[in-house]
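Novice: Have a look at this one.
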Amino acid sequence: MQEKLITPYDYVQSDINQWGISRLDREKEQFIDEIVVRVIDKSRIDYPSTKLLFEELASTLYQERIRVTTSRWKSDADDEKDFWNNIKGQIIKFQKAQSWEDTDRKTLETILKKILYRYSYEMVANFNPRIFQLAQKFLPRILFLFLNSKFTSPFKFFYNNFSQFYKKFIITGEFDLIRNLSQKGTLVIVPTHFSNTDSPVVGWALNSLGLEAVTYGAGINLVGTQPLSFMLNNLGAYKLDRRRKNNFYLELLKTYSQMAIEKDTPSLFFPGGTRSRSGALEHKLKLGLLSTAIEAQQENFIHNRKKIFVVPLVINYQYNVESSSLVNQHLKELGKEKYVADNFEYSTTYKIIRFFKHLFNANTEIVISFGKPLDVVGNIVNENGESLTPQGNTFDIKGYFEFENKIVRDEQRNFEYTKILGDKIVKSYFRYNTVMSAPLVAFVYFQLLQKRHKHLSLFEIMLLPREDRIIGKEKAILAINNVKEELLRLYNENQILLSDVVKNESSESILKNGIECISLFNSKNVVYLDSDKNLNSQDVRLAYFYHNRLKGYQLEAKI
Amino acid sequence: MKQKYNIKKPIGILGIGSFGTVLANIIAEKYPVIMYARKQTTVDNINIQKSHRGIVIHDNISATTDIQVIANQCDIIFPVVPSYAFRSVIREITPYLTSNHILIHGTKGFDVKLDYTSQSIPIYPKDIYTMSEVIVEETPVYRVGCISGPNLAKEIAQKQPAGTVLASKFHEVISIGTEVLENERFQVYGSTDIKGIELAGVFKNYIAIAAGASAALGYGENVKALLITKGISEMISIGKSLGVDPKSFLGLAGIGDLVATCSSPLSRNYSVGYRLTKGESLLDIVNSMTEAAEGINTVKVIKYLSETMHIQAPLVNIIYKIMYENYSLEKGIKLLMRLNAGQDVNFY
């Protein structure tokens with residue numbers, strides 16, 4: 001049963017030095033050595049002949065040299081160019097080799113090692129317990145004090161802290177189960193991804209549950225340039241360079257993630273890859289990093305190490321700081337020449353601060369729902385960490401990696417398991433999605449608008465003049481009634497979650513609350529009541545964006 | 001790099017139909033086989049008389065009435081039971097199945113949870129389960145495969161050469177299954193498009209009924225070729241609505257199986273069409289058959305599906321009319337001729 005967090009838990013592991021991420025930080029050098037060895041081993045399977053290895057190295061060099069000259073970032077090391085020139089000097093002599101000696105392979109592997117070490121040191125996460133404690137203690141309080149106009153006295157905050165806080169920051173889930181499993185195995189957290197505010201929000205939620213800090217991938221450009229980069233860089237983020245697409249880099253990244261899990265470091269991926277552009281729940285996941293959880297589980301079985309538990313997490317906001325630029329990108333991709341992009345709205349630190357300010361001052365909240373923990377092939381697990389069959393019997397998933405009781409390493413098989421896991425995560429997202437008033441109002445408004453202009457395409461609807469965007473208030477309330485009835489049915493059948501407003505209040509209050517919240521952040525009114533008390537929108541694209549959040553439940557038929 | 005699998009445990013077979021029996025014989029040439037039968041008399045036939053359905057049973061084969069024995073002793077199990085009984089047999093063995101098991105079925109039929117037999121109802125793609133989907137839904141087993149192809153049991157029993165397709169999303173299952181099945185007379189082709197291969201095996205059944213009817217009327221090769229080619233084209237458009245790539249229909253399990261079943265009086269579905277046209281009633285035919293002709297149910301499912309999804313499927317409509325509305329094939333062919341034929345190859 002989903003319960004609500006009222007006060008934060010103590011840490012499951014109170015000694016921060018015993019945390020996986022602390023250990024990883026202390027053993028950084030050894031960790032990197034192990035990763036490099038494993039990637040080199042893998043290269044012997046992927047590129048069995050020296051010629052193939054050379055070609056892959058040459059292609060890496062080629063891509064890197066283009067990147068160095070055409071796309072430079074502030075975060076790039078000063079000696080990037082020199083490094084790759086040096087590699088070029090070492091590789092070039094193999095260019096015209098007709099026959100390959102054993103020693104050539106060794107030389108090439110030494111070059112590869114150099115590249116891998118450079119990548120690894122750039123990537124590796126740092127974790128400084130002191131900075132973590134400092135951030136964890138003061139950051140939310142400072143934010144809270146500065147942003148919350150209702151708290152006039154700082155003293156009041158310190159005495160009356162958390163109950164207010166967790167009314168705005170609603171966390172639901174089976175907390176004891178998750179805390180319990182965090183001791184029995186290694187957690188891999190897989191949240192939905194809608195906004196740049198997701199990372200701090202998830203971090204805070206995990207901290208509230210008393211779970212260890214997680215390691216996660218962050219864009220190197222973010223870590224290198226933002227005002228808070230010093231903090232990010234010391235809080236367990238490993239750094240990804242998305243310009244690097246060569247196979248060695250990708251293999252290194254996957255090995256990094258896999259070995260961090262093997263070393264019992266709780267990890268986090270956003271399996272959607274990037275923020276959801278359309279505003280819809282992720283229904284197709286990026287499987288690359290997800291597959292590292294399964295590969296890690298296979299190795300853990302071989303070496304009798306821990307079980308891995310995957311915890312889906314759904315974050316629901318009433319408004320989204322980046323909605324305008326996200327939906328612009330989505331529509332551009334969808335419509336190509338049919339869509340003329342409007343001006344973009346870029347996200348800045350200032351906007352993130354405004355985001356929290358609205359959160360604390362207006363009648364709105366964030367809902368973070370932990371789904372049921374799964375094993376790496378997507379079965380539900382019980383309080384002992386045992387996997388359950390669809391019929392509810394406990395069983396051992398080790399057999400999935402075995403043939404006649406012996407573990408067989410098989411990447412292709414494991415990738416199929418990753419797809420199964422991905423499907424189960426998506427199901428969990430839909431199951432633990434919380435319907436809030438703003439997306440519900442957007443859904444009803446946009447659906448009614450589409451129904452009113454049945455003959456128009458999506459892109460034509462975006463361009464309607466103001467008078468054609470009107471939807472009668474009575475009609476909207478009726479539609480909210482109908483949709484709500486269906487939502488309550490889904491809720492009672494454990495297929496969705498509802499916010500208190502949606503669950504308990506009248507359709508009229510839902511409409512009022514939704515309209516109030518949806519436009520909090522945006523400069524234009526996404527859905528509003530005009531002077532004749534009819535619904536209208538100053539930006540239909542955004543109404544469409546918020547509306548997408550409720551797609552996939554067949555609610556359209558109720559309007 | 002191809003992994004070599006060292007198989008030590010016996011291979012399990014669920015189902016004692018003629019195909020299950022010849023499959024057991026093929027495997028028994030290399031590995032010990034345990035067959036599951038509900039009746040003790042069947043078990044005795046296999047264990048003592050060493051003969052079943054007129055087929056001599058290989059010495060490497062034993063039988064049991066205890067389904068748990070199969071699950072406990074075998075990691076690789078071949079369910080070869082008719083589709084109407086498939087789910088219930090799988091449910092019987094489910095309590096004993098674990099993550100270790102690999103299931104490779106040989107059943108060419110659908111499982112539809114709705115009651116479509118007594119009335120015409122809308123059927124959507126989500127209502128139709130292939131046998132591998134039934135296994136994944138009912139059991140903890142993920143490593144699932146299927147075999148499908150022109151494999152007329154009687155010809156295999158006579159030790160004639162044949163080929164088959166083994167499909168699974170898992171390369172591992174294809175390798176292991178091939179290792180189990182392949183011998184000098186039985187060739188195994190791999191495919192990762194399991195749903196496509198399963199559907200190809202199901203769809204061809206109703207076209208075989210039409211071929212049987214055509215033979216009964218004394219029609220020759222021209223009509224048969226027309227039925228086969230247009231049948232493939234219809235299979236592809238229906239297959240697309242169920243989300244599969246048409247490629248698999250063009251291989252051994254598609255065209256290959258279609259050619260075999262449309263030409264052979266040995267095929268059950270073919271003989272249904274043949275006898276219907278010769279004047280027997282469907283009920284009499286079904287009652288007189290010792291094994292299920294999968295095509296009989298397939299016709300209804302596909303007809304209702306194509307209507308629900310607005311797919312043009314003239315062949316299935318004609319066969320439906322022949323089976324349930326006392327239509328003659330002659331009239332059906334006339335109807336087919338009146339249709340606007342349009343483009344020949346229109347499925348790409």
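Labels for the structure tokens follow display order: chains A, B, ..., residues from 1 in each chain, ligands from 1.
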Counting only C-alpha atoms, which residues in chain B sit no more than 7 Å from chain A? For each one, give the nearest pair of atoms and the distance in Å, sorted by chain then residue number, as CSV.
Specialist:
residue,atom,partner,partner_atom,distance
B:Asp75,CA,A:Glu404,CA,6.7
B:Thr98,CA,A:Phe395,CA,6.9
B:Ser99,CA,A:Gly399,CA,4.6
B:Asn100,CA,A:Gly399,CA,4.2
B:Pro140,CA,A:Thr389,CA,5.6
B:Phe170,CA,A:Arg413,CA,5.5
B:His171,CA,A:Arg413,CA,6.9
B:Glu172,CA,A:Arg413,CA,6.8
Novice: Taking the chain letters and numbering used in this document, name the residues of segment 41-257 of chain A that DSSP puts in alpha helix (DSSP H), as a ChimeraX atom specification.
Specialist: /A:41-46,50-70,80-91,102-123,129-147,154-159,162-168,175-184,198-208,220-225,229-232,247-257
Novice: Of the residues B:Gly106, B:Gly196, B:Pro79, B:Gly17, which is the one nearest to Thr290 of chain B, using only C-alpha atoms?
Specialist: B:Gly17
Novice: I need the residues in segment 63-293 of chain A that are strand (DSSP E) according to DSSP; give them as a ChimeraX atom specification.
Specialist: /A:169-173,185-191,215-219,237-240,267-268
Novice: Between atom CA of Ala125 of chain A and atom CA of Asn196 of chain A, what is the distance in Å, rounded to a tenth?
Specialist: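 It comes out at 19.6 Å.
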Novice: Need the shell around Asn320 of chain A: protein/DNA/RNA residues with any atom at most 8 Å away, counting only C-alpha atoms. Skip same-chain ones fewer than 2 positions apart. Format as a list in words?
Specialist: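 The neighbour list is Phe194, Ser195, Tyr317, Gln318, Glu322, Ser323 and Phe521 of chain A.
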Novice: Taking 4 positions as the minimum chain separation for residues in the same chain, which residues sit within 8 Å of Phe54 of chain A when counting only C-alpha atoms? Answer as a list in words.
Specialist: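 Final neighbour list, sorted by chain and number: Thr50, Ala58, Phe94 and Leu108 of chain A.
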Novice: From the options A:Asp10, A:Glu122, A:Asp468, A:Glu80, which residue's atoms come nearest to Asp241 of chain A, counting only C-alpha atoms?
Specialist: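 Ranked by minimum distance to Asp241 of chain A, first place goes to A:Glu122.
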Novice: At a cut-off of 6 Å, using only C-alpha atoms, what residues contact segment 434-437 of chain A? Leave out same-chain residues fewer than 2 positions from it and give the result as a ChimeraX atom specification.
Specialist: /A:439-440,497-499,502,510,514
Novice: Rounded to one decimal, what separation in Å do you get between atom CA of Glu330 of chain B and atom CA of Asn222 of chain B?
Specialist: 14.4 Å
Novice: Write out as a ChimeraX atom specification the residues lying within 10 Å of Gln68 of chain B, counting only C-alpha atoms and excluding same-chain residues fewer than 4 positions away.
Specialist: /B:36,64,72-74,92-97
Novice: Go ahead and compute the interatomic distance for atom CA of Ser118 of chain B and atom CA of Tyr327 of chain B, in Å to one decimal.
Specialist: 19.1 Å
Novice: If you count only C-alpha atoms, which residues fall within 10 Å of Pro246 of chain B, apart from same-chain ones fewer than 6 positions away, as an NGL selection string?
Specialist: :B and (196-197 or 200 or 232-233 or 235-240 or 254 or 347-348)
Novice: Next, write the just-selected residues to a file, as a short mmCIF file (atom, residue, chain, number, x, y, z; two decimals), in the first residue's frame, keeping N, CA and C atoms as the atom set.
Specialist:
data_model
loop_
_atom_site.label_atom_id
_atom_site.label_comp_id
_atom_site.auth_asym_id
_atom_site.auth_seq_id
_atom_site.Cartn_x
_atom_site.Cartn_y
_atom_site.Cartn_z
N GLY B 196 6.17 -13.53 -35.90
CA GLY B 196 5.95 -13.69 -37.34
C GLY B 196 5.89 -15.16 -37.72
N ILE B 197 6.81 -15.94 -37.17
CA ILE B 197 6.86 -17.37 -37.49
C ILE B 197 5.62 -18.08 -36.93
N ALA B 200 2.63 -17.15 -39.15
CA ALA B 200 2.70 -17.81 -40.46
C ALA B 200 2.13 -19.22 -40.34
N ILE B 232 -0.84 -15.78 -49.34
CA ILE B 232 0.32 -15.14 -48.73
C ILE B 232 0.08 -13.65 -48.57
N SER B 233 -0.46 -13.07 -49.64
CA SER B 233 -0.68 -11.64 -49.62
C SER B 233 -1.68 -11.26 -48.51
N MET B 235 -2.28 -13.11 -45.80
CA MET B 235 -1.61 -13.38 -44.53
C MET B 235 -0.77 -12.17 -44.11
N ILE B 236 -0.12 -11.57 -45.09
CA ILE B 236 0.76 -10.44 -44.78
C ILE B 236 -0.05 -9.25 -44.29
N SER B 237 -1.18 -8.97 -44.97
CA SER B 237 -1.92 -7.78 -44.50
C SER B 237 -2.53 -8.01 -43.12
N ILE B 238 -2.95 -9.23 -42.84
CA ILE B 238 -3.47 -9.48 -41.49
C ILE B 238 -2.32 -9.46 -40.47
N GLY B 239 -1.21 -10.05 -40.87
CA GLY B 239 -0.04 -10.08 -39.99
C GLY B 239 0.41 -8.69 -39.60
N LYS B 240 0.36 -7.77 -40.57
CA LYS B 240 0.77 -6.39 -40.28
C LYS B 240 -0.10 -5.77 -39.20
N GLY B 254 6.37 -19.83 -43.81
CA GLY B 254 5.26 -19.16 -44.49
C GLY B 254 4.96 -19.87 -45.79
N PHE B 347 2.05 -5.64 -50.88
CA PHE B 347 2.27 -5.67 -49.43
C PHE B 347 3.54 -4.99 -48.97
N TYR B 348 4.28 -4.40 -49.89
CA TYR B 348 5.47 -3.68 -49.42
C TYR B 348 5.32 -2.18 -49.55
#
